[in-house]
Amino acid sequence: AACDAACGAACEPPAGQLARAWDEMFAAEGSDWFWWYGDDQSSGNDEAFDELFRIHLQNVYNYLGQPVPGYLYLPIIPKRPAVAEDKITGIMKDAVMDGMAGWGEWEKASFYRGDDADGIDGVTPVFESLRVGVDTENLCVRLTTEGGLEALYGQDVQIAVYIGTPRIAEVNAVPRWSGEGMDATVLGFPLGAEVMVDFANLSRRGRAGARLAFAAGDGTWVDAGELATASVGNVLEIAVPFEALGIRGGDTAVLAEVATCGGKNVGVIPSGGPAEFKVPVVSVGNRLFLLEDVHGDDHGPGGYTYPTNAVFTPSCFDIVSLECRESDDEVTFNVKLASEITNPWSSGIGLSVQTVDIYIDTDHEPGSGLTEALGGRRVEFEPECAWEYAIWVEGWNQKVFAADGSEVGGIAAAVDSVNNVVSISMPKSIIGSPQPGWGFQVFVLGQEGFPVQGNLRVREVMAQAAEWRFGGGDDGIYDPNVIDMLVPAGQVQEQILGAYDVKAQKLAKVPMVYPGFE
């Protein structure tokens, strides 16, 4: 009543469709929607709030009779990848993209089962299964359909793979032939590339004629030519070069396949979210040496236990090996871990919970170099193993330090989650070319985003394990924060790291490993 008296008819809501559009806008402006977009809050089903919020905004355009902008079909909270029945377990080496499902060819690929559904007019393909794998150069995809693919030859049927990568700038929100509103084909990720097979152009098994296209950013697609390796037979097999997609080792990308019949999208696999794959890091150059570590010794001096939060998965701090490779201009260190390297905190290089240190002794001389490890490691090196260079890699920092504490250059680090490897490369101008007689040591520690003063971002070990703290230590400043390390032949890690002395205020002294070169 007070409002009516003050402004009269101006307070009356608009009528008809415009009124409904305003209602949708007001609903979208409710503060509850925005509460769930921050990392500090969770509704338990943030994806549903995200979808409902965007539906309100879509309805504004629908009631006004205007086209819905494509970006309103893209989740603000990225759709979670579908859970594969089988995960990618390694690099595919023997698969031939010939349209024939050979035994064992795809055993290292992930596997997704299609939803049960009936075809349309006996023609629409019903996805039976999808396999996604990688070799050293290609994304590999295999698709099977209920009843086989031969019935689709010469029909107005298309099967397309839509790929989202971190390196394609222009993206489309929905695939070709998507409807609007409730009829939209929403895959849940920005679509950067498309690989399409048009069965109208096929009359028999053999070359599939798959064409690669890239998003123009306005809903259209720019053709980039036919792929050389794509065949159809009892299965559809396609290999897409990573180079053609502009992605490189360590990148994470997603995909989904869409079936179209008569200009209408009729099937998606996986249906519960995109299939995720990671590009392997391909080692180049000559291998100089390989140092292997004891399995299952990711317990520091012997009694350390992992933090209790679920992100700290079993064996994720367990070193398997250190490999050193050399090319004309670069040196690469590959640190292999015993379990899958996950990225729960979404760092740019795919590494979240671990910190990796590599120390290098170039002269094996006492008094030359530095015996103190980087801050917070709580160990020191034997005098004859003093280091000249220390490489520090975690998700948000990758640096090389000289013994005087100065930074001597930047490095490139990437995670090869296919092989559980942290790959670290640097120009030879930083450390030179590794030589026989050089010593090396690797520490794997927990990454810490909120360290105490003097601690270079590594997680503390306490007496009792907690959600974010390792257990098994002494609650002091002399027990090592090193969870695993390389050990020279004839020595024992537990004895090395267990030699600290709280009463004498002494840190454990660790050695270098001096490998034989190949």
# chains A, B, ... in the order shown; residues from 1 in each chain; ligands from 1
>>> residues_around(residues="A:Gly16", least_positions_apart="5", cutoff="12 Å", atoms="only C-alpha atoms", output="VMD selection string")
chain A and resid 21 to 23 63 to 64
>>> write_last_selection(atoms="C-alpha atoms", output="PDB file, in the first residue's frame")
ATOM      1  CA  ALA A  21      10.419 -12.736 -18.152  1.00  0.00           C
ATOM      2  CA  TRP A  22      10.707 -10.362 -15.210  1.00  0.00           C
ATOM      3  CA  ASP A  23       9.673 -13.133 -12.823  1.00  0.00           C
ATOM      4  CA  TYR A  63       9.534 -15.436 -22.821  1.00  0.00           C
ATOM      5  CA  LEU A  64      10.848 -12.437 -24.748  1.00  0.00           C
TER       6      LEU A  64
END
>>> select_by_dssp(residues="stretch 209-374 of chain A", states="helix (DSSP H, G or I)", output="MDAnalysis selection string")
chainID A and resid 242:245
>>> residues_around(residues="stretch 490-502 of chain A", least_positions_apart="4", cutoff="12 Å", atoms="only C-alpha atoms", output="number ranges by chain")
A: 293-304, 377-382, 443, 472-486, 506-513
>>> write_last_selection(atoms="C-alpha atoms", output="PDB file, in the first residue's frame")
ATOM      1  CA  ASP A 293      63.551 -47.070  -5.434  1.00  0.00           C
ATOM      2  CA  VAL A 294      62.172 -49.631  -3.016  1.00  0.00           C
ATOM      3  CA  HIS A 295      58.404 -49.955  -3.293  1.00  0.00           C
ATOM      4  CA  GLY A 296      56.272 -49.284  -0.223  1.00  0.00           C
ATOM      5  CA  ASP A 297      58.745 -47.138   1.721  1.00  0.00           C
ATOM      6  CA  ASP A 298      56.643 -43.951   1.653  1.00  0.00           C
ATOM      7  CA  HIS A 299      56.748 -43.724   5.446  1.00  0.00           C
ATOM      8  CA  GLY A 300      59.818 -41.563   6.122  1.00  0.00           C
ATOM      9  CA  PRO A 301      61.877 -43.092   8.934  1.00  0.00           C
ATOM     10  CA  GLY A 302      59.488 -46.032   9.107  1.00  0.00           C
ATOM     11  CA  GLY A 303      56.428 -45.008  11.087  1.00  0.00           C
ATOM     12  CA  TYR A 304      54.952 -42.089   9.170  1.00  0.00           C
ATOM     13  CA  ARG A 377      62.544 -30.406   4.787  1.00  0.00           C
ATOM     14  CA  ARG A 378      64.254 -30.852   8.144  1.00  0.00           C
ATOM     15  CA  VAL A 379      67.198 -32.880   6.839  1.00  0.00           C
ATOM     16  CA  GLU A 380      70.709 -32.016   5.743  1.00  0.00           C
ATOM     17  CA  PHE A 381      73.183 -33.632   3.374  1.00  0.00           C
ATOM     18  CA  GLU A 382      76.402 -35.419   4.193  1.00  0.00           C
ATOM     19  CA  PHE A 443      62.553 -36.136  -1.990  1.00  0.00           C
ATOM     20  CA  GLY A 472      54.320 -40.635  13.200  1.00  0.00           C
ATOM     21  CA  GLY A 473      56.663 -37.749  14.003  1.00  0.00           C
ATOM     22  CA  ASP A 474      57.681 -36.014  17.226  1.00  0.00           C
ATOM     23  CA  ASP A 475      55.832 -32.686  17.098  1.00  0.00           C
ATOM     24  CA  GLY A 476      59.246 -31.039  17.030  1.00  0.00           C
ATOM     25  CA  ILE A 477      61.599 -29.430  14.537  1.00  0.00           C
ATOM     26  CA  TYR A 478      64.046 -32.282  13.979  1.00  0.00           C
ATOM     27  CA  ASP A 479      61.893 -35.093  12.597  1.00  0.00           C
ATOM     28  CA  PRO A 480      62.104 -35.060   8.770  1.00  0.00           C
ATOM     29  CA  ASN A 481      59.202 -33.915   6.614  1.00  0.00           C
ATOM     30  CA  VAL A 482      60.513 -36.188   3.851  1.00  0.00           C
ATOM     31  CA  ILE A 483      58.058 -38.983   3.080  1.00  0.00           C
ATOM     32  CA  ASP A 484      60.169 -40.866   0.523  1.00  0.00           C
ATOM     33  CA  MET A 485      63.661 -40.539  -0.972  1.00  0.00           C
ATOM     34  CA  LEU A 486      66.210 -42.381  -3.103  1.00  0.00           C
ATOM     35  CA  LYS A 506      70.543 -32.806  15.157  1.00  0.00           C
ATOM     36  CA  LEU A 507      68.850 -33.372  11.826  1.00  0.00           C
ATOM     37  CA  ALA A 508      69.148 -36.583   9.863  1.00  0.00           C
ATOM     38  CA  LYS A 509      71.965 -36.552   7.299  1.00  0.00           C
ATOM     39  CA  VAL A 510      71.083 -37.889   3.867  1.00  0.00           C
ATOM     40  CA  PRO A 511      73.372 -39.079   1.056  1.00  0.00           C
ATOM     41  CA  MET A 512      73.348 -38.571  -2.669  1.00  0.00           C
ATOM     42  CA  VAL A 513      73.072 -41.444  -5.138  1.00  0.00           C
TER      43      VAL A 513
END
>>> closest_residue(among="A:Phe199, A:Phe277, A:Trp438, A:Tyr61", to="A:Gly90", atoms="only C-alpha atoms")
A:Phe277
>>> select_by_dssp(residues="stretch 301-457 of chain A", states="strand (DSSP E)", output="short mmCIF file (atom, residue, chain, number, x, y, z; two decimals) with N, CA and C atoms, in the first residue's frame")
data_model
loop_
_atom_site.label_atom_id
_atom_site.label_comp_id
_atom_site.auth_asym_id
_atom_site.auth_seq_id
_atom_site.Cartn_x
_atom_site.Cartn_y
_atom_site.Cartn_z
N ILE A 319 57.99 -43.19 -4.26
CA ILE A 319 58.84 -43.08 -5.45
C ILE A 319 59.07 -44.46 -6.05
N VAL A 320 58.93 -44.55 -7.36
CA VAL A 320 59.28 -45.77 -8.09
C VAL A 320 60.67 -45.64 -8.70
N SER A 321 60.92 -44.48 -9.36
CA SER A 321 62.22 -44.33 -10.04
C SER A 321 62.46 -42.88 -10.40
N LEU A 322 63.73 -42.59 -10.67
CA LEU A 322 64.16 -41.33 -11.26
C LEU A 322 64.89 -41.65 -12.55
N GLU A 323 64.41 -41.08 -13.64
CA GLU A 323 65.05 -41.23 -14.94
C GLU A 323 65.57 -39.87 -15.38
N CYS A 324 66.78 -39.86 -15.96
CA CYS A 324 67.36 -38.64 -16.51
C CYS A 324 67.60 -38.84 -18.00
N ARG A 325 67.11 -37.90 -18.80
CA ARG A 325 67.30 -37.94 -20.24
C ARG A 325 67.91 -36.63 -20.71
N GLU A 326 68.61 -36.72 -21.84
CA GLU A 326 69.32 -35.56 -22.36
C GLU A 326 69.08 -35.44 -23.86
N GLU A 330 68.24 -29.74 -23.81
CA GLU A 330 67.53 -29.86 -22.55
C GLU A 330 67.97 -31.08 -21.75
N VAL A 331 67.72 -30.97 -20.45
CA VAL A 331 67.83 -32.11 -19.54
C VAL A 331 66.45 -32.34 -18.94
N THR A 332 66.02 -33.60 -18.91
CA THR A 332 64.70 -33.95 -18.37
C THR A 332 64.84 -34.98 -17.26
N PHE A 333 64.18 -34.72 -16.14
CA PHE A 333 64.10 -35.68 -15.04
C PHE A 333 62.66 -36.17 -14.94
N ASN A 334 62.48 -37.48 -14.98
CA ASN A 334 61.16 -38.09 -14.83
C ASN A 334 61.09 -38.82 -13.50
N VAL A 335 60.25 -38.32 -12.61
CA VAL A 335 60.05 -38.94 -11.31
C VAL A 335 58.75 -39.74 -11.36
N LYS A 336 58.88 -41.06 -11.30
CA LYS A 336 57.72 -41.93 -11.38
C LYS A 336 57.25 -42.29 -9.98
N LEU A 337 55.94 -42.19 -9.75
CA LEU A 337 55.34 -42.53 -8.47
C LEU A 337 54.53 -43.82 -8.60
N GLN A 354 51.54 -33.44 -3.91
CA GLN A 354 52.95 -33.74 -3.73
C GLN A 354 53.84 -32.53 -4.02
N THR A 355 54.98 -32.50 -3.36
CA THR A 355 56.11 -31.64 -3.71
C THR A 355 57.28 -32.54 -4.04
N VAL A 356 57.99 -32.22 -5.11
CA VAL A 356 59.15 -33.01 -5.54
C VAL A 356 60.39 -32.12 -5.50
N ASP A 357 61.40 -32.56 -4.77
CA ASP A 357 62.72 -31.91 -4.77
C ASP A 357 63.72 -32.84 -5.46
N ILE A 358 64.59 -32.25 -6.29
CA ILE A 358 65.73 -32.99 -6.84
C ILE A 358 66.98 -32.18 -6.53
N TYR A 359 67.93 -32.81 -5.84
CA TYR A 359 69.20 -32.16 -5.47
C TYR A 359 70.32 -32.77 -6.32
N ILE A 360 71.24 -31.91 -6.75
CA ILE A 360 72.30 -32.34 -7.65
C ILE A 360 73.66 -31.92 -7.09
N ASP A 361 74.54 -32.88 -6.94
CA ASP A 361 75.93 -32.65 -6.51
C ASP A 361 76.82 -32.86 -7.74
N VAL A 379 66.07 -31.96 6.99
CA VAL A 379 67.20 -32.88 6.84
C VAL A 379 68.36 -32.06 6.31
N GLU A 380 69.56 -32.63 6.38
CA GLU A 380 70.71 -32.02 5.74
C GLU A 380 71.52 -33.10 5.04
N PHE A 381 72.41 -32.67 4.16
CA PHE A 381 73.18 -33.63 3.37
C PHE A 381 74.54 -33.90 4.02
N TYR A 389 72.84 -27.61 -7.04
CA TYR A 389 71.54 -27.20 -7.59
C TYR A 389 70.43 -27.96 -6.86
N ALA A 390 69.33 -27.25 -6.61
CA ALA A 390 68.13 -27.86 -6.04
C ALA A 390 66.94 -27.48 -6.92
N ILE A 391 66.22 -28.48 -7.36
CA ILE A 391 65.03 -28.29 -8.19
C ILE A 391 63.81 -28.48 -7.30
N TRP A 392 62.93 -27.51 -7.32
CA TRP A 392 61.72 -27.53 -6.48
C TRP A 392 60.50 -27.48 -7.38
N VAL A 393 59.67 -28.51 -7.29
CA VAL A 393 58.47 -28.57 -8.14
C VAL A 393 57.26 -28.92 -7.28
N GLU A 394 56.27 -28.06 -7.36
CA GLU A 394 54.94 -28.33 -6.81
C GLU A 394 53.94 -27.71 -7.78
N ASN A 397 54.57 -23.75 -8.06
CA ASN A 397 55.94 -23.23 -8.12
C ASN A 397 56.86 -24.27 -8.74
N GLN A 398 57.68 -23.83 -9.67
CA GLN A 398 58.69 -24.70 -10.29
C GLN A 398 59.94 -23.86 -10.49
N LYS A 399 60.99 -24.17 -9.69
CA LYS A 399 62.18 -23.33 -9.69
C LYS A 399 63.44 -24.18 -9.53
N VAL A 400 64.58 -23.56 -9.91
CA VAL A 400 65.90 -24.15 -9.66
C VAL A 400 66.69 -23.15 -8.83
N PHE A 401 67.28 -23.64 -7.72
CA PHE A 401 68.10 -22.80 -6.86
C PHE A 401 69.55 -23.24 -6.96
N ALA A 402 70.45 -22.25 -6.91
CA ALA A 402 71.88 -22.54 -6.76
C ALA A 402 72.20 -22.62 -5.27
N GLU A 407 67.89 -17.97 -7.45
CA GLU A 407 67.17 -18.70 -8.50
C GLU A 407 67.97 -18.58 -9.79
N VAL A 408 68.21 -19.70 -10.43
CA VAL A 408 69.08 -19.69 -11.61
C VAL A 408 68.34 -19.99 -12.90
N GLY A 409 67.03 -20.05 -12.86
CA GLY A 409 66.30 -20.24 -14.10
C GLY A 409 64.97 -20.92 -13.90
N GLY A 410 64.12 -20.77 -14.90
CA GLY A 410 62.82 -21.41 -14.88
C GLY A 410 62.86 -22.78 -15.50
N ALA A 412 60.23 -26.28 -16.91
CA ALA A 412 58.90 -26.73 -17.35
C ALA A 412 58.60 -28.05 -16.66
N ALA A 413 57.43 -28.14 -16.05
CA ALA A 413 57.02 -29.37 -15.38
C ALA A 413 55.63 -29.75 -15.85
N ALA A 414 55.41 -31.04 -16.01
CA ALA A 414 54.11 -31.56 -16.42
C ALA A 414 53.91 -32.92 -15.79
N VAL A 415 52.65 -33.26 -15.59
CA VAL A 415 52.31 -34.58 -15.03
C VAL A 415 51.81 -35.48 -16.14
N ASP A 416 52.43 -36.62 -16.26
CA ASP A 416 51.95 -37.68 -17.14
C ASP A 416 51.18 -38.66 -16.28
N VAL A 421 53.94 -40.09 -13.81
CA VAL A 421 55.26 -39.48 -13.86
C VAL A 421 55.15 -37.96 -13.74
N VAL A 422 56.01 -37.37 -12.90
CA VAL A 422 56.22 -35.93 -12.90
C VAL A 422 57.45 -35.68 -13.77
N SER A 423 57.26 -35.00 -14.90
CA SER A 423 58.34 -34.77 -15.85
C SER A 423 58.82 -33.33 -15.73
N ILE A 424 60.12 -33.15 -15.53
CA ILE A 424 60.70 -31.83 -15.25
C ILE A 424 61.83 -31.59 -16.26
N SER A 425 61.69 -30.55 -17.07
CA SER A 425 62.68 -30.25 -18.10
C SER A 425 63.23 -28.86 -17.91
N MET A 426 64.51 -28.70 -18.29
CA MET A 426 65.15 -27.39 -18.20
C MET A 426 66.25 -27.29 -19.24
N PRO A 427 66.57 -26.08 -19.67
CA PRO A 427 67.67 -25.91 -20.62
C PRO A 427 69.00 -26.31 -19.98
N GLY A 439 76.02 -36.59 -8.38
CA GLY A 439 75.11 -37.25 -7.46
C GLY A 439 73.73 -36.64 -7.53
N PHE A 440 72.73 -37.46 -7.21
CA PHE A 440 71.33 -37.01 -7.29
C PHE A 440 70.56 -37.54 -6.09
N GLN A 441 69.61 -36.75 -5.64
CA GLN A 441 68.71 -37.18 -4.58
C GLN A 441 67.32 -36.60 -4.89
N VAL A 442 66.31 -37.41 -4.64
CA VAL A 442 64.92 -36.99 -4.83
C VAL A 442 64.18 -37.12 -3.50
N PHE A 443 63.48 -36.08 -3.11
CA PHE A 443 62.55 -36.14 -1.99
C PHE A 443 61.14 -35.98 -2.53
N VAL A 444 60.21 -36.77 -2.01
CA VAL A 444 58.79 -36.51 -2.23
C VAL A 444 58.18 -36.16 -0.87
N LEU A 445 57.50 -35.02 -0.85
CA LEU A 445 56.93 -34.48 0.39
C LEU A 445 55.50 -34.05 0.11
N GLY A 446 54.79 -33.67 1.15
CA GLY A 446 53.45 -33.13 0.98
C GLY A 446 53.49 -31.64 0.67
#
